[in-house]
>>> print(open('model.cif').read())   # mmCIF, C-alpha atoms
data_input
#
loop_
_atom_site.label_atom_id
_atom_site.label_comp_id
_atom_site.auth_asym_id
_atom_site.auth_seq_id
_atom_site.Cartn_x
_atom_site.Cartn_y
_atom_site.Cartn_z
CA MET A 16 32.64 9.29 -25.55
CA GLN A 17 34.36 11.52 -23.03
CA VAL A 18 33.37 11.54 -19.35
CA THR A 19 34.46 14.20 -16.90
CA GLU A 20 33.58 14.19 -13.21
CA THR A 21 32.50 17.72 -12.32
CA ALA A 22 31.29 17.11 -8.76
CA ASN A 23 31.97 14.48 -6.09
CA GLU A 24 30.64 15.34 -2.65
CA GLY A 25 29.46 12.68 -0.24
CA LEU A 26 27.04 10.50 -2.19
CA LYS A 27 26.40 13.16 -4.85
CA ARG A 28 27.98 12.84 -8.28
CA GLU A 29 27.86 15.03 -11.36
CA LEU A 30 29.37 14.00 -14.68
CA LYS A 31 29.71 15.73 -18.01
CA VAL A 32 29.37 13.33 -20.93
CA VAL A 33 30.34 14.28 -24.49
CA ILE A 34 29.43 12.21 -27.55
CA GLY A 35 31.31 13.22 -30.67
CA ALA A 36 29.43 14.45 -33.76
CA LYS A 37 31.09 11.67 -35.78
CA GLU A 38 29.67 8.96 -33.51
CA LEU A 39 26.24 10.60 -33.66
CA ASP A 40 26.39 10.59 -37.46
CA GLN A 41 27.30 6.88 -37.44
CA ARG A 42 24.36 6.15 -35.15
CA LEU A 43 22.07 8.20 -37.39
CA SER A 44 23.25 6.39 -40.53
CA LYS A 45 22.71 3.01 -38.88
CA ARG A 46 19.18 3.94 -37.82
CA LEU A 47 18.33 5.31 -41.27
CA ASP A 48 19.58 2.10 -42.83
CA GLU A 49 17.31 0.13 -40.47
CA LEU A 50 14.35 2.24 -41.55
CA LYS A 51 15.10 1.78 -45.24
CA GLY A 52 12.94 -1.32 -45.53
CA GLU A 53 10.06 0.19 -43.55
CA ILE A 54 9.61 3.61 -45.12
CA LYS A 55 7.28 4.01 -48.11
CA LEU A 56 7.65 7.10 -50.29
CA LYS A 57 5.79 7.97 -53.46
CA GLY A 58 7.88 7.19 -56.51
CA PHE A 59 9.98 4.50 -54.81
CA ARG A 60 9.43 0.78 -54.53
CA PRO A 61 9.23 -0.58 -50.96
CA GLY A 62 12.74 -1.00 -49.54
CA LYS A 63 14.34 0.89 -52.44
CA VAL A 64 14.29 4.43 -51.02
CA PRO A 65 17.89 5.76 -51.00
CA VAL A 66 19.27 6.41 -47.54
CA ASN A 67 20.33 9.92 -48.52
CA HIS A 68 16.76 10.70 -49.53
CA ILE A 69 15.45 9.29 -46.25
CA ARG A 70 18.00 11.45 -44.43
CA LYS A 71 16.75 14.49 -46.31
CA VAL A 72 13.07 13.82 -45.54
CA TYR A 73 13.23 12.26 -42.06
CA GLY A 74 16.72 13.09 -40.86
CA ARG A 75 15.71 15.63 -38.24
CA SER A 76 13.02 13.47 -36.58
CA VAL A 77 15.23 10.38 -36.69
CA MET A 78 18.12 12.38 -35.19
CA ALA A 79 15.88 13.31 -32.25
CA GLU A 80 15.20 9.59 -31.72
CA VAL A 81 18.90 8.82 -32.01
CA LEU A 82 19.84 11.47 -29.44
CA GLN A 83 17.30 10.12 -26.97
CA GLN A 84 18.55 6.56 -27.39
CA THR A 85 22.19 7.68 -27.25
CA VAL A 86 21.68 9.46 -23.94
CA ALA A 87 19.92 6.40 -22.46
CA GLU A 88 22.60 3.96 -23.62
CA THR A 89 25.64 6.06 -22.77
CA SER A 90 24.41 7.12 -19.33
CA GLU A 91 23.86 3.46 -18.46
CA LYS A 92 27.30 2.57 -19.83
CA VAL A 93 28.95 5.33 -17.79
CA LEU A 94 27.51 3.96 -14.55
CA SER A 95 28.59 0.44 -15.48
CA GLU A 96 32.15 1.49 -16.32
CA ARG A 97 32.47 3.46 -13.07
CA ALA A 98 31.08 0.48 -11.12
CA GLU A 99 28.74 2.84 -9.29
CA ARG A 100 25.27 1.95 -8.07
CA ALA A 101 22.97 4.90 -8.55
CA ALA A 102 20.36 5.29 -5.83
CA PHE A 103 17.83 6.37 -8.46
CA GLN A 104 17.62 7.17 -12.16
CA PRO A 105 20.15 9.95 -12.92
CA ASP A 106 18.86 13.42 -13.80
CA ILE A 107 19.95 14.25 -17.34
CA ALA A 108 20.39 17.89 -18.37
CA LEU A 109 21.05 18.99 -21.94
CA SER A 110 22.20 22.44 -22.94
CA GLU A 111 19.53 25.15 -22.74
CA ASP A 112 21.21 27.03 -25.60
CA GLU A 113 18.87 26.57 -28.59
CA SER A 114 21.60 27.32 -31.13
CA GLU A 115 23.83 24.65 -29.56
CA ILE A 116 21.01 22.09 -29.70
CA GLU A 117 20.35 23.06 -33.32
CA ASN A 118 24.01 22.44 -34.20
CA VAL A 119 23.83 19.01 -32.57
CA MET A 120 20.63 18.17 -34.48
CA SER A 121 22.21 19.21 -37.76
CA GLY A 122 25.37 17.20 -37.06
CA LYS A 123 27.64 20.20 -36.67
CA ALA A 124 28.42 19.82 -32.96
CA ASP A 125 29.11 17.20 -30.30
CA LEU A 126 26.34 16.17 -27.92
CA ALA A 127 27.10 17.19 -24.32
CA TYR A 128 24.92 16.46 -21.33
CA THR A 129 25.21 16.42 -17.55
CA MET A 130 24.37 13.45 -15.32
CA SER A 131 23.46 14.18 -11.70
CA PHE A 132 22.79 11.37 -9.26
CA GLU A 133 23.49 9.95 -5.83
CA VAL A 134 25.24 6.64 -5.30
CA LEU A 135 24.23 4.00 -2.81
CA PRO A 136 26.39 4.14 0.31
CA GLU A 137 28.92 1.52 1.32
CA ILE A 138 27.33 -0.53 4.10
CA LYS A 139 29.28 -2.58 6.58
CA ILE A 140 26.89 -5.29 7.72
CA ALA A 141 26.79 -6.01 11.46
CA ASP A 142 27.65 -9.36 13.04
CA PHE A 143 24.23 -10.94 13.59
CA SER A 144 25.61 -13.58 15.94
CA LYS A 145 25.96 -10.77 18.50
CA PHE A 146 22.29 -9.82 18.28
CA LYS A 147 20.31 -10.84 21.37
CA LEU A 148 16.56 -10.94 20.86
CA GLU A 149 13.66 -11.83 23.13
CA LYS A 150 10.70 -13.54 21.52
CA LEU A 151 7.43 -13.06 23.37
CA VAL A 152 5.19 -16.14 23.18
CA ALA A 153 1.65 -16.64 24.50
CA ALA A 154 -0.58 -19.68 24.77
CA VAL A 155 -4.30 -19.82 24.07
CA GLU A 156 -6.22 -19.71 27.36
CA PRO A 157 -9.42 -21.81 27.75
CA GLU A 158 -11.42 -18.71 28.67
CA GLU A 159 -10.44 -17.13 25.35
CA ILE A 160 -11.94 -20.14 23.57
CA ASP A 161 -15.08 -19.77 25.66
CA LYS A 162 -15.19 -16.10 24.72
CA GLY A 163 -14.83 -17.01 21.05
CA VAL A 164 -17.76 -19.44 21.27
CA GLU A 165 -19.84 -16.77 23.00
CA GLN A 166 -19.06 -14.24 20.28
CA LEU A 167 -20.07 -16.80 17.67
CA LEU A 168 -23.38 -17.37 19.47
CA GLU A 169 -23.98 -13.61 19.74
CA GLY A 170 -23.32 -13.27 16.04
CA ASN A 171 -26.00 -15.83 15.17
CA LEU A 172 -28.98 -14.51 17.08
CA SER A 173 -32.52 -15.19 15.91
CA TYR A 174 -35.54 -13.07 16.80
CA GLU A 175 -38.92 -14.20 18.05
CA PRO A 176 -41.97 -11.89 17.85
CA LYS A 177 -42.86 -10.16 21.12
CA LYS A 178 -45.92 -8.18 22.14
CA GLY A 179 -44.29 -5.54 24.30
CA ASP A 180 -42.49 -2.33 23.37
CA ALA A 181 -39.15 -2.52 21.54
CA GLN A 182 -36.13 -2.25 23.81
CA GLU A 183 -32.42 -2.05 23.08
CA GLY A 184 -31.28 -5.33 21.52
CA ASP A 185 -34.71 -6.04 20.01
CA GLN A 186 -35.18 -6.27 16.26
CA VAL A 187 -37.79 -3.99 14.68
CA VAL A 188 -39.01 -4.82 11.18
CA ILE A 189 -40.19 -1.67 9.41
CA ASP A 190 -41.31 -0.09 6.15
CA PHE A 191 -40.11 3.48 5.68
CA VAL A 192 -40.10 6.34 3.21
CA GLY A 193 -37.57 9.14 3.61
CA LYS A 194 -38.21 12.66 2.34
CA ILE A 195 -36.13 15.82 2.02
CA ASP A 196 -38.08 19.06 1.63
CA GLY A 197 -41.21 16.93 1.18
CA GLU A 198 -39.78 14.90 -1.72
CA ALA A 199 -38.84 11.22 -1.49
CA PHE A 200 -35.17 10.67 -2.33
CA GLU A 201 -33.38 7.78 -4.00
CA GLY A 202 -32.32 5.07 -1.56
CA GLY A 203 -34.46 6.51 1.20
CA SER A 204 -37.22 3.90 1.14
CA ALA A 205 -37.41 0.21 2.05
CA GLU A 206 -39.86 -2.53 3.01
CA ASP A 207 -39.39 -5.20 5.69
CA ALA A 208 -36.13 -3.62 6.79
CA PRO A 209 -34.74 -5.19 10.00
CA VAL A 210 -33.33 -2.72 12.53
CA VAL A 211 -31.65 -3.97 15.73
CA LEU A 212 -31.88 -1.21 18.30
CA GLY A 213 -28.54 -0.30 19.78
CA GLN A 214 -26.36 -1.42 16.86
CA GLY A 215 -26.10 2.09 15.43
CA ARG A 216 -26.22 0.98 11.81
CA PHE A 217 -28.58 3.75 10.72
CA ILE A 218 -27.96 7.49 10.71
CA PRO A 219 -27.94 9.20 14.14
CA GLY A 220 -31.38 9.64 15.62
CA PHE A 221 -33.14 7.03 13.50
CA GLU A 222 -32.96 4.16 15.98
CA ALA A 223 -33.85 6.47 18.86
CA GLY A 224 -37.07 7.28 17.01
CA LEU A 225 -38.02 3.60 17.16
CA ALA A 226 -37.52 3.21 20.91
CA ALA A 227 -40.52 1.76 22.80
CA SER A 228 -42.35 1.12 19.53
CA LYS A 229 -44.61 -1.89 18.93
CA ALA A 230 -46.13 -3.70 15.97
CA GLY A 231 -48.62 -1.50 14.13
CA ASP A 232 -47.10 1.81 15.23
CA LYS A 233 -46.66 4.59 12.68
CA ARG A 234 -43.97 7.12 13.41
CA MET A 235 -42.44 10.17 11.84
CA ILE A 236 -38.72 10.38 12.56
CA GLU A 237 -36.87 13.65 11.93
CA THR A 238 -33.10 13.37 11.63
CA THR A 239 -30.08 14.82 9.83
CA PHE A 240 -27.52 13.05 7.69
CA PRO A 241 -23.92 13.46 8.97
CA ASP A 242 -21.75 16.00 7.17
CA ASP A 243 -19.35 13.22 6.16
CA TYR A 244 -22.10 10.90 4.86
CA PRO A 245 -20.74 8.94 1.84
CA ALA A 246 -23.58 10.05 -0.47
CA GLU A 247 -22.61 13.69 -1.01
CA HIS A 248 -26.11 14.73 -2.16
CA LEU A 249 -27.45 13.70 1.28
CA ALA A 250 -24.59 14.85 3.52
CA GLY A 251 -25.74 17.41 6.08
CA LYS A 252 -29.36 17.33 4.83
CA SER A 253 -32.35 17.14 7.20
CA ALA A 254 -34.82 14.37 6.40
CA VAL A 255 -38.17 13.09 7.61
CA PHE A 256 -38.91 9.35 7.60
CA ASP A 257 -42.48 8.01 7.63
CA VAL A 258 -42.15 4.64 9.38
CA THR A 259 -44.54 1.73 9.85
CA VAL A 260 -43.53 -0.83 12.48
CA LYS A 261 -44.52 -4.29 11.25
CA GLN A 262 -42.95 -6.51 13.91
CA VAL A 263 -40.93 -6.38 17.11
CA GLY A 264 -38.74 -9.37 17.91
CA ALA A 265 -36.74 -10.32 20.98
CA ALA A 266 -33.26 -11.76 20.53
CA VAL A 267 -32.83 -15.49 21.09
CA LYS A 268 -29.29 -16.76 21.47
CA PRO A 269 -28.66 -20.31 20.23
CA GLU A 270 -27.40 -22.93 22.62
CA ALA A 271 -23.78 -24.05 22.44
CA ASN A 272 -24.32 -27.66 21.35
CA ASP A 273 -23.72 -30.02 18.47
CA GLU A 274 -26.85 -28.78 16.69
CA PHE A 275 -25.40 -25.27 16.61
CA ALA A 276 -22.09 -26.72 15.42
CA LYS A 277 -23.83 -28.38 12.46
CA ALA A 278 -25.43 -25.05 11.55
CA MET A 279 -21.91 -23.63 11.43
CA GLY A 280 -20.70 -26.40 9.10
CA PHE A 281 -19.12 -28.67 11.75
CA GLU A 282 -20.14 -32.04 13.15
CA LYS A 283 -19.63 -31.38 16.85
CA LEU A 284 -19.19 -28.41 19.19
CA ASP A 285 -15.67 -29.64 20.01
CA GLU A 286 -14.74 -29.04 16.37
CA VAL A 287 -15.99 -25.47 16.69
CA ARG A 288 -13.82 -24.99 19.77
CA ASP A 289 -10.83 -26.53 17.96
CA ALA A 290 -11.30 -24.14 15.03
CA ILE A 291 -11.51 -21.16 17.39
CA GLU A 292 -8.40 -22.34 19.24
CA LYS A 293 -6.47 -22.68 15.97
CA LYS A 294 -7.50 -19.18 14.88
CA LEU A 295 -6.45 -17.75 18.23
CA ALA A 296 -3.14 -19.67 18.12
CA ASP A 297 -2.46 -18.35 14.61
CA ASP A 298 -3.17 -14.79 15.79
CA LEU A 299 -0.80 -15.20 18.74
CA ALA A 300 1.91 -16.63 16.49
CA ALA A 301 1.51 -13.71 14.10
CA GLY A 302 1.65 -11.26 17.01
CA SER A 303 4.77 -12.94 18.35
CA ARG A 304 6.41 -12.73 14.92
CA THR A 305 5.48 -9.06 14.58
CA ARG A 306 6.97 -8.15 17.96
CA LEU A 307 10.16 -10.12 17.27
CA LYS A 308 10.55 -8.56 13.83
CA ARG A 309 10.10 -5.07 15.27
CA THR A 310 12.77 -5.75 17.89
CA LEU A 311 15.11 -7.06 15.19
CA LEU A 312 14.55 -4.03 12.96
CA ASP A 313 15.26 -1.76 15.93
CA GLN A 314 18.60 -3.51 16.44
CA LEU A 315 19.39 -3.39 12.73
CA ASP A 316 18.67 0.33 12.69
CA GLY A 317 20.85 0.93 15.74
CA ALA A 318 23.72 -1.21 14.43
CA HIS A 319 24.11 0.58 11.10
CA SER A 320 25.04 4.20 10.56
CA PHE A 321 25.83 5.63 7.14
CA ALA A 322 24.95 8.56 4.91
CA LEU A 323 21.58 8.28 3.16
CA PRO A 324 20.80 9.42 -0.39
CA ASP A 325 18.82 12.65 0.06
CA LYS A 326 16.44 11.94 -2.78
CA LEU A 327 15.47 8.51 -1.44
CA VAL A 328 14.71 10.01 1.96
CA GLU A 329 12.79 12.91 0.42
CA ASN A 330 10.70 10.58 -1.74
CA GLU A 331 9.89 8.38 1.26
CA PHE A 332 9.01 11.42 3.38
CA GLU A 333 6.70 12.80 0.68
CA THR A 334 4.93 9.44 0.47
CA ILE A 335 4.39 9.36 4.24
CA TRP A 336 3.43 13.04 4.48
CA SER A 337 0.88 12.88 1.64
CA GLN A 338 -0.79 9.91 3.37
CA ILE A 339 -0.85 11.71 6.74
CA THR A 340 -2.32 14.92 5.34
CA ALA A 341 -4.88 13.01 3.26
CA ASP A 342 -6.01 11.08 6.34
CA MET A 343 -6.29 14.31 8.34
CA GLU A 344 -8.30 15.95 5.59
CA ARG A 345 -10.72 13.02 5.45
CA SER A 346 -11.19 12.99 9.22
CA GLY A 347 -11.30 16.77 9.55
CA SER A 348 -8.52 16.70 12.16
CA SER A 349 -5.57 19.06 12.60
CA PHE A 350 -2.11 19.11 14.14
CA ASP A 351 -3.45 21.22 17.01
CA GLY A 352 -5.92 18.45 17.78
CA GLU A 353 -3.04 15.99 17.84
CA GLU A 354 -1.28 18.19 20.43
CA THR A 355 1.63 18.93 18.11
CA SER A 356 2.59 21.40 15.40
CA GLU A 357 3.11 20.84 11.70
CA GLU A 358 6.81 21.58 12.16
CA GLU A 359 7.15 18.95 14.90
CA ALA A 360 5.14 16.46 12.85
CA ARG A 361 7.35 17.00 9.81
CA LYS A 362 10.44 16.42 11.92
CA ARG A 363 9.02 13.20 13.36
CA TYR A 364 7.95 11.78 10.00
CA ARG A 365 11.25 12.71 8.40
CA GLU A 366 12.96 10.64 11.10
CA ILE A 367 10.62 7.78 10.20
CA ALA A 368 11.55 8.23 6.53
CA ASP A 369 15.26 8.09 7.47
CA ARG A 370 14.69 4.85 9.36
CA ARG A 371 12.73 3.24 6.54
CA VAL A 372 15.33 4.10 3.92
CA ARG A 373 18.21 2.95 6.14
CA LEU A 374 16.53 -0.38 6.91
CA ALA A 375 15.55 -0.89 3.26
CA LEU A 376 19.18 -0.41 2.17
CA VAL A 377 20.50 -2.69 4.94
CA LEU A 378 18.00 -5.46 4.16
CA SER A 379 18.72 -5.14 0.44
CA GLU A 380 22.47 -5.38 1.07
CA ILE A 381 22.02 -8.48 3.26
CA GLY A 382 19.79 -10.13 0.70
CA GLU A 383 22.15 -9.41 -2.17
CA ALA A 384 25.25 -10.52 -0.26
CA ASN A 385 23.60 -13.80 0.68
CA GLU A 386 21.80 -14.40 -2.62
CA ILE A 387 18.35 -14.32 -1.04
CA LYS A 388 15.80 -14.43 -3.85
CA VAL A 389 12.03 -14.33 -4.19
CA SER A 390 10.74 -16.91 -6.65
CA ASP A 391 8.02 -16.28 -9.21
CA GLU A 392 5.98 -18.96 -7.46
CA GLU A 393 6.13 -17.03 -4.19
CA VAL A 394 4.98 -13.85 -5.95
CA ASN A 395 2.17 -15.73 -7.70
CA ASN A 396 1.02 -17.15 -4.36
CA ALA A 397 0.95 -13.63 -2.91
CA LEU A 398 -0.98 -12.46 -5.97
CA MET A 399 -3.55 -15.23 -5.55
CA GLU A 400 -3.95 -14.29 -1.89
CA ARG A 401 -4.55 -10.65 -2.87
CA ILE A 402 -7.06 -11.67 -5.54
CA ARG A 403 -9.06 -13.66 -2.99
CA GLN A 404 -9.59 -10.42 -1.08
CA PHE A 405 -11.74 -9.09 -3.94
CA PRO A 406 -14.46 -11.66 -4.65
CA GLY A 407 -16.21 -11.02 -7.94
CA ARG A 408 -13.34 -8.84 -9.21
CA GLU A 409 -10.70 -11.54 -9.63
CA ARG A 410 -9.99 -10.91 -13.32
CA GLU A 411 -9.82 -7.14 -12.81
CA VAL A 412 -7.31 -7.47 -9.94
CA PHE A 413 -5.24 -10.08 -11.81
CA ASP A 414 -5.00 -7.87 -14.92
CA PHE A 415 -4.08 -4.83 -12.81
CA TYR A 416 -1.07 -6.54 -11.25
CA LYS A 417 0.08 -8.18 -14.47
CA GLN A 418 -0.04 -4.83 -16.27
CA ASN A 419 1.66 -2.86 -13.50
CA PRO A 420 5.21 -4.03 -12.69
CA GLN A 421 5.41 -1.54 -9.81
CA ALA A 422 2.32 -3.04 -8.15
CA LEU A 423 3.76 -6.53 -8.60
CA ALA A 424 7.03 -5.34 -7.04
CA GLU A 425 5.02 -4.20 -3.99
CA LEU A 426 3.92 -7.82 -3.54
CA ARG A 427 7.49 -9.05 -3.85
CA ALA A 428 9.00 -6.57 -1.35
CA PRO A 429 7.43 -7.91 1.90
CA ILE A 430 8.27 -11.49 0.89
CA PHE A 431 11.90 -10.52 0.37
CA GLU A 432 11.97 -8.65 3.68
CA ASP A 433 10.58 -11.62 5.61
CA LYS A 434 13.12 -13.98 4.01
CA VAL A 435 15.97 -11.68 5.01
CA VAL A 436 14.56 -11.41 8.54
CA ASP A 437 14.38 -15.23 8.75
CA TYR A 438 18.02 -15.43 7.63
CA ILE A 439 19.13 -13.03 10.37
CA LEU A 440 17.07 -14.79 13.04
CA GLU A 441 18.86 -18.04 12.28
CA LEU A 442 22.16 -16.36 13.19
CA ALA A 443 21.01 -14.25 16.13
CA LYS A 444 20.60 -15.44 19.72
CA VAL A 445 16.85 -15.66 20.32
CA SER A 446 15.37 -16.47 23.72
CA GLU A 447 11.69 -16.95 24.52
CA LYS A 448 9.63 -15.25 27.19
CA LYS A 449 6.14 -16.44 28.06
CA VAL A 450 3.59 -13.65 28.37
CA SER A 451 -0.17 -13.25 28.33
CA GLY A 452 -1.99 -12.54 25.10
CA GLN A 453 -2.80 -9.06 26.37
CA GLU A 454 0.86 -8.31 27.00
CA LEU A 455 1.83 -9.72 23.61
CA PHE A 456 -0.44 -7.31 21.76
CA LYS A 457 0.37 -4.31 23.92
CA ASP A 458 1.99 -1.47 22.02
CA PRO A 459 5.71 -1.36 22.92
CA GLU A 460 5.56 2.44 23.00
CA ASP A 461 2.93 2.24 25.73
CA GLU A 462 5.24 -0.08 27.67
CA ASP A 463 8.06 2.46 27.35
CA VAL A 464 5.81 5.19 28.74
CA ALA A 465 4.76 2.96 31.62
#
>>> encode(input="model.cif", output="structure tokens")
Amino acid sequence: MQVTETANEGLKRELKVVIGAKELDQRLSKRLDELKGEIKLKGFRPGKVPVNHIRKVYGRSVMAEVLQQTVAETSEKVLSERAERAAFQPDIALSEDESEIENVMSGKADLAYTMSFEVLPEIKIADFSKFKLEKLVAAVEPEEIDKGVEQLLEGNLSYEPKKGDAQEGDQVVIDFVGKIDGEAFEGGSAEDAPVVLGQGRFIPGFEAGLAASKAGDKRMIETTFPDDYPAEHLAGKSAVFDVTVKQVGAAVKPEANDEFAKAMGFEKLDEVRDAIEKKLADDLAAGSRTRLKRTLLDQLDGAHSFALPDKLVENEFETIWSQITADMERSGSSFDGEETSEEEARKRYREIADRRVRLALVLSEIGEANEIKVSDEEVNNALMERIRQFPGREREVFDFYKQNPQALAELRAPIFEDKVVDYILELAKVSEKKVSGQELFKDPEDEDVA
């Protein structure tokens, strides 16, 4: 094997690799010999087909397999011998000359191919002991617990029948039949359907048609399905609903006492308050961690400057841009509506792509240098947590991740990142600053503007 460097500019490399025809023939002979015991040909006993005959019958197809395997093995060996870390799988280019390829296939010429790739940059890791970080911390305020209890009470309202007209906040129990062009449509009818006026859970105009209604009323409500309604066959269509009001109920909020606590699965109201306090404390701790991590990543980004592999940045940008444009298409928005232009947006998101790639390379370098690993147990725990998010589909989700290494790697990545962040935080100088919960969750960009 002969290797010649044909280009070396920045992180870009191009190599010409030549594999001699003699070596190719040896590889072909070895593969044919391996196939000897597997191939069955009429007139020959199993395993007794002469290699020369196999070469004559299958030589061309086997040579194609050999060439593919040779390129894979030699390109990997070249990188290993040069002690270079490719930023991505090298692009392999064979000759486009059909006669040259034919000579290689027939064993009359050497195999020559070109490897093009970018190498990972050399990264000088910053001194983390010089990092100064401020950790924002907030305590749970009693009024927040009171608010949590109130929200729990509001979420467990009951409704008692009332004689008067239905007002906002009342529950109206109805039967209805929806029709489009005089024909009832699938999913447009129901009996004993509860509708709480003011919640906006039905299509626009439906709840308004029930205002001031009372038990026994019959109403005809004309309305139009939104253009973005999930059921495409109904989107934008005008419909008429024949409605019978069966009952009007006024909301009754439960009292905050031990009896309510037992209905919620606790023994006493104090236990409910404790559970709410713990949830709030966990949210504040997570918010504090998020703010600290963002500050750390900002410092990491500012402390490291090096050339980035173009293809990594381009791939990251394309991932971001496809998500942005898909979201805009779904919402029907445009760059004009966002008070920017596509050109300005592309520039901004390319800067974000640069930052993500730079930080990913820095975090990877820190993790590798300090032998920070993610255990299989940690990945399995993350997988179990993801599975719990899809009740009833546990087996489907489990099989998906086990059959898709890339998806499993996406579970591993944030665990690795957090472990590297924890390592850095142990070395950095971190001070605490007490703030309110509102300040903790305020967007830092809004603070900058202020």
>>> atom_distance(input="model.cif", atom1="CA of Pro209 (chain A)", atom2="CA of Ala230 (chain A)")
12.9 Å
>>> atom_distance(input="model.cif", atom1="CA of Glu411 (chain A)", atom2="CA of Asn396 (chain A)")
17.0 Å
>>> residues_around(input="model.cif", residues="region 329-339 of chain A", least_positions_apart="2", cutoff="8 Å", atoms="all atoms listed in the file", output="PDB file with C-alpha atoms, keeping the file's coordinate frame")
ATOM      1  CA  ASP A 325      18.820  12.650   0.060  1.00  0.00           C
ATOM      2  CA  LYS A 326      16.440  11.940  -2.780  1.00  0.00           C
ATOM      3  CA  LEU A 327      15.470   8.510  -1.440  1.00  0.00           C
ATOM      4  CA  ALA A 341      -4.880  13.010   3.260  1.00  0.00           C
ATOM      5  CA  ASP A 342      -6.010  11.080   6.340  1.00  0.00           C
ATOM      6  CA  MET A 343      -6.290  14.310   8.340  1.00  0.00           C
ATOM      7  CA  ARG A 361       7.350  17.000   9.810  1.00  0.00           C
ATOM      8  CA  TYR A 364       7.950  11.780  10.000  1.00  0.00           C
ATOM      9  CA  ARG A 365      11.250  12.710   8.400  1.00  0.00           C
ATOM     10  CA  ILE A 367      10.620   7.780  10.200  1.00  0.00           C
ATOM     11  CA  ALA A 368      11.550   8.230   6.530  1.00  0.00           C
ATOM     12  CA  ARG A 371      12.730   3.240   6.540  1.00  0.00           C
ATOM     13  CA  VAL A 372      15.330   4.100   3.920  1.00  0.00           C
TER      14      VAL A 372
END
>>> resolve_selection(input="model.cif", expression="the PyMOL selection byres ((chain A and resi 210) around 12)", output="PDB file with C-alpha atoms, keeping the file's coordinate frame")
ATOM      1  CA  TYR A 174     -35.540 -13.070  16.800  1.00  0.00           C
ATOM      2  CA  ALA A 181     -39.150  -2.520  21.540  1.00  0.00           C
ATOM      3  CA  GLN A 182     -36.130  -2.250  23.810  1.00  0.00           C
ATOM      4  CA  GLU A 183     -32.420  -2.050  23.080  1.00  0.00           C
ATOM      5  CA  GLY A 184     -31.280  -5.330  21.520  1.00  0.00           C
ATOM      6  CA  ASP A 185     -34.710  -6.040  20.010  1.00  0.00           C
ATOM      7  CA  GLN A 186     -35.180  -6.270  16.260  1.00  0.00           C
ATOM      8  CA  VAL A 187     -37.790  -3.990  14.680  1.00  0.00           C
ATOM      9  CA  VAL A 188     -39.010  -4.820  11.180  1.00  0.00           C
ATOM     10  CA  ILE A 189     -40.190  -1.670   9.410  1.00  0.00           C
ATOM     11  CA  ASP A 190     -41.310  -0.090   6.150  1.00  0.00           C
ATOM     12  CA  PHE A 191     -40.110   3.480   5.680  1.00  0.00           C
ATOM     13  CA  ALA A 205     -37.410   0.210   2.050  1.00  0.00           C
ATOM     14  CA  GLU A 206     -39.860  -2.530   3.010  1.00  0.00           C
ATOM     15  CA  ASP A 207     -39.390  -5.200   5.690  1.00  0.00           C
ATOM     16  CA  ALA A 208     -36.130  -3.620   6.790  1.00  0.00           C
ATOM     17  CA  PRO A 209     -34.740  -5.190  10.000  1.00  0.00           C
ATOM     18  CA  VAL A 211     -31.650  -3.970  15.730  1.00  0.00           C
ATOM     19  CA  LEU A 212     -31.880  -1.210  18.300  1.00  0.00           C
ATOM     20  CA  GLY A 213     -28.540  -0.300  19.780  1.00  0.00           C
ATOM     21  CA  GLN A 214     -26.360  -1.420  16.860  1.00  0.00           C
ATOM     22  CA  GLY A 215     -26.100   2.090  15.430  1.00  0.00           C
ATOM     23  CA  ARG A 216     -26.220   0.980  11.810  1.00  0.00           C
ATOM     24  CA  PHE A 217     -28.580   3.750  10.720  1.00  0.00           C
ATOM     25  CA  ILE A 218     -27.960   7.490  10.710  1.00  0.00           C
ATOM     26  CA  PHE A 221     -33.140   7.030  13.500  1.00  0.00           C
ATOM     27  CA  GLU A 222     -32.960   4.160  15.980  1.00  0.00           C
ATOM     28  CA  ALA A 223     -33.850   6.470  18.860  1.00  0.00           C
ATOM     29  CA  GLY A 224     -37.070   7.280  17.010  1.00  0.00           C
ATOM     30  CA  LEU A 225     -38.020   3.600  17.160  1.00  0.00           C
ATOM     31  CA  ALA A 226     -37.520   3.210  20.910  1.00  0.00           C
ATOM     32  CA  VAL A 258     -42.150   4.640   9.380  1.00  0.00           C
ATOM     33  CA  VAL A 260     -43.530  -0.830  12.480  1.00  0.00           C
ATOM     34  CA  LYS A 261     -44.520  -4.290  11.250  1.00  0.00           C
ATOM     35  CA  GLN A 262     -42.950  -6.510  13.910  1.00  0.00           C
ATOM     36  CA  VAL A 263     -40.930  -6.380  17.110  1.00  0.00           C
ATOM     37  CA  GLY A 264     -38.740  -9.370  17.910  1.00  0.00           C
ATOM     38  CA  ALA A 265     -36.740 -10.320  20.980  1.00  0.00           C
TER      39      ALA A 265
END
>>> atom_distance(input="model.cif", atom1="CA of Leu398 (chain A)", atom2="CA of Lys434 (chain A)")
17.3 Å
>>> resolve_selection(input="model.cif", expression="the PyMOL selection byres ((chain A and resi 151) around 8)", output="ChimeraX atom specification")
/A:149-150,152-153,303,306-307,447-450,455
>>> resolve_selection(input="model.cif", expression="the PyMOL selection byres ((chain A and resi 100-114) around 8)", output="JSON, numbers by chain")
{"A": [94, 98, 99, 115, 116, 117, 118, 127, 128, 129, 130, 131, 132, 133, 134, 135, 324, 327]}
>>> closest_residue(input="model.cif", among="A:Pro245, A:Lys252, A:Phe415, A:Val267", to="Gly170 (chain A)", atoms="all atoms listed in the file")
A:Val267
>>> axis_aligned_box(input="model.cif", around="region 448-457 of chain A", padding_each_side="3 Å", output="lines of an AutoDock Vina configuration file")
center_x = 3.4
center_y = -10.4
center_z = 25.1
size_x = 18.4
size_y = 18.1
size_z = 12.6
